[in-house]
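Peer 1: Got a structure for you, questions after.
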Amino acid sequence: MPSSSPAALDILNLNKRFSEPAVNDLSLTVHNGEFYALLGPNGAGKTTTLRMVAGLLEADAGAVKICGIDAFADPIAAKQVLAWVPDEPMVYDKLTPLEYLEFVAGLWSMEPDLARFRADSLLDSFGLGPHANERCGGFSKGMRQKVALAGALIHEPRLIILDEPLTGLDAGSARQVKKVLTDLVAQGVSIIMTTHILEVAERMADRIGIIARGQLVAEGTLEELRERASADGNSLEDIFLKIVGGVSDGELIAGNASPPEEKVA
Amino acid sequence: MNAIAVPSALLRFSRHELRLAWREWAWMFSGWRNTSLQRALIGMGIFYAIMHLIAYTLLSTRLAPGFVLDQSELAMLSVTVLLSFTMMLSQAMESVTRAFYARDDLDLILSSPAPSRDLFLVRIVMMALTSWVMSALVMSPFVNVAVVLGGQHWLAGYVVLLSVSLMATGAGVLITLALFRTVGAQRTRLTAQILAAIVGAAFLIGMQVVAILSFGSMSRFTLFDPAFLASHAPSADSIWWFPAHAVAGQTNAVFLILAASVLFFAVGAWLGAVQFRRIVVSALGATEKTPHGHASGRVFRGYSPLGALVHKELKLIARDPWLVSQTLMQVLYLIPPAVMLWVSFGQDTQVSVIIAPVVVMAVGQLAGGLAWLTISGEDAPDLIATAPISALTRLWAKVLSVLTLIAGIVLPIALCLALISLWGAVVTFTGALIAAASAILVQLWFRAQAKRTTFRRRQVASKASTVAEAAASISCAAGTALIAAGQPLALLPVVLLLIVLGIAWSIRPKRNARPSGV
């Protein structure tokens, strides 16, 4: 869904090398109001890419623009419109959800009344209202993840980066989170999310990017990926396995996995 | 659980605990590096040999032919036993609380068919034995030298140490159980840790305060003055000296003290064991709720990013039971200088020379711990790193948090000191701030991302930073004392401080590329 305003996220020729290339000349765009799912096998470079976008890791080369702001040249302006939610919830055991949200609101210099209103609304959305005054130390991982999500959303970011946000959530909590995310996208917020739950990407994402060995090997809507991969099955799992190199039952028994296929995007 | 299965469960738990204790010990000394462990063992061997030399130097004159166990010697032995007891009790309270609250493997063990009572019994015995071994390691050079110089009867010192560790561990269990009953599962941890800090420091501080009030001296050894003991202490055959006679090998005293301690320990261990499961379940299930206010009534304060960071740091520090107890302990050590200040008020303008180094040393150590917590011990590093604030703001917020707390502790002392000596107050306050700043710098150079819960292991994680921090504090304390005394030699500690900081800076770990914007 291209528009005249700058894209929510523009990644251009991004590179990062540790002992070997982790992200290799990767480019992708997330449009305004788009839900983009970034898929790939373990170690493909998904988290490294997102950490570079969030300013948590320095890139070797390339450029990242968030809502038109050069994230490497002006990181503070870029972070003002950004939210980052990793798979491990970033909360303080000794703070209550309300205190945590007050702290995050302070970091983003929010007006206190608005912050308080948003905090109440988010805590209710995630079903955390009754626990607003309990310290996070006694929370389950799912509850902590919801507190972290509320913290990420309190300053009304325009781009949300989610790295496996549904890890550790029960079915009910996962549904709450998915609803909040869907509502945000409907309001024009852009989301880029990595997930291993392909059903979530299949149902929620406007576009899907598949990354392998640090490169974007496929990108498009579910239908586009289905066409390009010429997958026999019709689920995203079939398409994903075909693109990144799935294994058949016979190969599993023989312990002989096939190498990834050529780039189809 | 049949008769055969019970001993086998005890045996398994014992093996499990021994393995954990050994690995914890090895980790503590080596950080899991074999070469470091070897070096640590060699270093400990050398240290042990040096301790024997020191013990020989101290005891060779005392245990010379014609040695009599008089009031002075009895007082020295009794104080040593009492000091060991308070230290062990403090450690026991800390360990027992951890046994109830630390989740670690409790979920696994409590959900298994093995009797949890046995686990506690094994753990409590291990606590007592560890306490005995650790204290024996420190005291054994003195006992060994006493045996060589004075005879085999001094071997009873080891038995008394075992009795003291059993007594302290038993008392630790009983006190913790009493806290669970009186203040509840939610507050026991904090209360126990504060009590442990007070118990650990109280005896030494008490002795120092008595020395100040009686002799106007901050040295505890003035209390062993024969004339003072003759007029204040019980006679040599009093029952009060019973533990001291046991140390010296009086058979009846040794057996009696051992029997009493075993009985006391058995009662404590059994009471703890039968209530273990119930207490653990209530401890792990105790949700930490804020005592006041409801979500609906609370108003957000409009913090700036800097204000939000400082407020968060102060709040987390205030809610950390371990840190509160450690801070309290450092503050408790400031009581003797405060008493000295009070006693000398209007009489001795040179009192700042005595007080300044104590205050500066305590502040340096406290600042090191606080700086580690704020700089390295960040539980949500990604949140802070992705916030729209500059690296300078982040850094300044951390430094400001530590300095605020330090100033809050030092300022009242400096103000009191100013009533006696303005120069002394200025020097003490400045010295304390420099000590705090040095500790902060060292922590900045050696920062390594860690969870706040690993605070107690910070000194093991970087021995270089620990040594640098201590050396900087000592230099600051020495420099402050000499400047307060108007000595030109003050330049030496100042140069030493600069050298220490220079070395620390040059050996700081090299960092990989920082995240953009950080």
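As shown in the structure tokens, the chain order sets the letters A, B, ...; within each chain, residues go from 1, and ligands are also counted from 1 in the order they appear.
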For A:Ala105, list every protein, DNA or RNA residue within 12 Å, evaluated using only C-alpha atoms, and leave out those in the same chain fewer than 5 positions away; present the list as JSON, numbers by chain.
Peer 2: {"A": [80, 98, 99, 100, 110, 111, 112, 113, 114, 115, 116, 117, 118, 119, 150, 151, 152, 153, 154, 155, 156, 157], "B": [300, 301, 302, 303, 304, 305, 306, 307, 308, 309, 383, 384, 387, 388]}
Peer 1: Which residue, A:Ile69, A:Leu181, A:Leu9, A:Ala59, has the smallest gap to chain B when you use only C-alpha atoms?
Peer 2: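 Comparing A:Ile69, A:Leu181, A:Leu9, A:Ala59 against chain B, the winner is A:Ala59.
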Peer 1: Write out as number ranges by chain which residues come within 8 Å of A:Ser190 when counting only C-alpha atoms, dropping same-chain ones fewer than 5 positions away.
Peer 2: A: 8, 30-36, 158-160, 184-185
Peer 1: With C-alpha atoms kept, could you save the residues just selected as an mmCIF file, in the first residue's frame?
Peer 2:
data_model
loop_
_atom_site.group_PDB
_atom_site.id
_atom_site.type_symbol
_atom_site.label_atom_id
_atom_site.label_comp_id
_atom_site.auth_asym_id
_atom_site.auth_seq_id
_atom_site.Cartn_x
_atom_site.Cartn_y
_atom_site.Cartn_z
ATOM 1 C CA ALA A 8 7.401 3.484 7.768
ATOM 2 C CA VAL A 30 7.418 -1.628 5.237
ATOM 3 C CA HIS A 31 4.690 0.740 4.107
ATOM 4 C CA ASN A 32 2.546 2.913 6.350
ATOM 5 C CA GLY A 33 -0.232 0.951 8.001
ATOM 6 C CA GLU A 34 1.245 -2.344 6.889
ATOM 7 C CA PHE A 35 1.744 -5.531 8.893
ATOM 8 C CA TYR A 36 4.950 -7.128 7.663
ATOM 9 C CA ARG A 158 4.365 4.822 14.215
ATOM 10 C CA LEU A 159 6.534 1.763 13.662
ATOM 11 C CA ILE A 160 6.514 -1.240 15.987
ATOM 12 C CA LEU A 184 -3.159 -0.607 15.608
ATOM 13 C CA VAL A 185 -2.573 -1.518 11.982
#
Peer 1: Work out how far apart atom CA of B:Val247 and atom CA of B:Leu149 are and give it in Å to one decimal.
Peer 2: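 Here the two named atoms are 14.9 Å from each other.
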Peer 1: Could you pull out the helix (DSSP H, G or I) residues of stretch 38-132 of chain B, going by DSSP on the backbone, and write them as an MDAnalysis selection string?
Peer 2: chainID B and resid 38:62 71:101 106:110 116:132
Peer 1: Using atom CA of A:Ile197 and atom CA of A:Ile161 as the two end points, give the distance in Å to one decimal.
Peer 2: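 Computing the Euclidean distance for atom CA of A:Ile197 and atom CA of A:Ile161 yields 16.3 Å.
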Peer 1: Applying 9 Å and only C-alpha atoms, which residues near A:Asp25 remain after dropping the ones on its own chain fewer than 5 positions away? List them as a CSV table (one decimal) with N, CA and C atoms, in the first residue's frame.
Peer 2:
chain,number,residue,atom,x,y,z
A,12,LEU,N,18.0,-0.4,3.4
A,12,LEU,CA,18.7,-0.4,2.1
A,12,LEU,C,20.1,-1.0,2.2
A,13,ASN,N,20.3,-2.1,1.5
A,13,ASN,CA,21.6,-2.8,1.5
A,13,ASN,C,22.3,-2.9,2.8
A,14,LEU,N,21.5,-3.4,3.8
A,14,LEU,CA,22.1,-3.5,5.1
A,14,LEU,C,23.0,-4.7,5.2
A,15,ASN,N,24.1,-4.5,5.9
A,15,ASN,CA,25.1,-5.6,6.0
A,15,ASN,C,25.6,-5.6,7.5
A,16,LYS,N,25.8,-6.9,7.9
A,16,LYS,CA,26.4,-7.1,9.3
A,16,LYS,C,27.1,-8.4,9.2
A,61,ALA,N,27.3,-1.7,7.0
A,61,ALA,CA,27.0,-0.9,5.8
A,61,ALA,C,25.5,-0.9,5.6
A,62,GLY,N,25.1,0.1,4.8
A,62,GLY,CA,23.7,0.2,4.5
A,62,GLY,C,23.0,1.3,5.2
A,214,GLY,N,20.9,-14.5,5.9
A,214,GLY,CA,21.1,-13.0,5.9
A,214,GLY,C,20.5,-12.3,4.7
A,215,GLN,N,19.9,-13.1,3.8
A,215,GLN,CA,19.4,-12.4,2.6
A,215,GLN,C,17.8,-12.6,2.5
A,216,LEU,N,17.2,-11.7,1.9
A,216,LEU,CA,15.8,-11.8,1.7
A,216,LEU,C,15.6,-12.7,0.4
Peer 1: Interatomic distance between atom CA of A:Cys67 and atom CA of A:Val23?
Peer 2: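 Between these atoms lies a distance of 22.0 Å.
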Peer 1: Set the distance at 12 Å and use only C-alpha atoms: which residues neighbour A:His196 once local chain neighbours fewer than 6 positions away are removed? I'd like the list as a list in words.
Peer 2: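 The residues that qualify are Ala37, Leu38, Leu39, Gly40, Pro41, Asn42, Lys46, Asp87, Asp163, Glu164, Pro165, Leu166, Thr167, Glu202, Ile210, Leu236, Glu237 and Phe240 of chain A.
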Peer 1: Which is closer to chain A than all the others in B:Ile474, B:Val359, B:Leu444, B:Val299, using only C-alpha atoms?
Peer 2: B:Val299
Peer 1: Within 10 Å of A:Pro75, counting only C-alpha atoms, which residues show up once you throw out same-chain ones fewer than 2 positions away? Write them as a PyMOL selection string, please.
Peer 2: (chain A and resi 53-55+65-66+69-73+77-80) or (chain B and resi 386-390+516-518)
Peer 1: Which neighbours of stretch 105-118 of chain B fall inside 8 Å, counting only C-alpha atoms, when residues of the same chain fewer than 4 positions from it are skipped, and could you give them as a list of chain:residue names?
Peer 2: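 Answer for this query is B:Ala9, B:Leu10, B:Phe13, B:Val122, B:Ala273, B:Val274, B:Gln275, B:Phe276, B:Arg277.
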Peer 1: Can I get the selected residues back with N, CA and C atoms, as a tab-separated table (two decimals), in the first residue's frame?
Peer 2:
chain	number	residue	atom	x	y	z
B	9	ALA	N	17.27	-41.16	49.11
B	9	ALA	CA	16.91	-39.78	48.74
B	9	ALA	C	17.85	-38.80	49.43
B	10	LEU	N	18.14	-39.07	50.71
B	10	LEU	CA	19.07	-38.21	51.45
B	10	LEU	C	20.45	-38.21	50.80
B	13	PHE	N	20.31	-36.22	47.55
B	13	PHE	CA	20.29	-34.78	47.84
B	13	PHE	C	21.67	-34.30	48.31
B	122	VAL	N	19.24	-31.73	54.48
B	122	VAL	CA	20.55	-31.80	53.83
B	122	VAL	C	21.10	-30.39	53.64
B	273	ALA	N	12.69	-28.16	58.86
B	273	ALA	CA	12.44	-29.21	57.87
B	273	ALA	C	10.95	-29.53	57.78
B	274	VAL	N	10.28	-29.65	58.93
B	274	VAL	CA	8.87	-30.04	58.89
B	274	VAL	C	7.99	-28.91	58.31
B	275	GLN	N	8.48	-27.70	58.37
B	275	GLN	CA	7.66	-26.59	57.83
B	275	GLN	C	8.15	-26.12	56.46
B	276	PHE	N	9.18	-26.81	55.94
B	276	PHE	CA	9.85	-26.33	54.73
B	276	PHE	C	8.88	-26.15	53.55
B	277	ARG	N	8.14	-27.22	53.25
B	277	ARG	CA	7.26	-27.16	52.08
B	277	ARG	C	6.24	-26.02	52.22
Peer 1: Just checking: using only C-alpha atoms, which residue out of A:Leu50, A:Leu107, A:Ala218, A:Leu26 ends up closest to chain B?
Peer 2: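 Looking only at the distances to chain B, the closest residue turns out to be A:Leu107.
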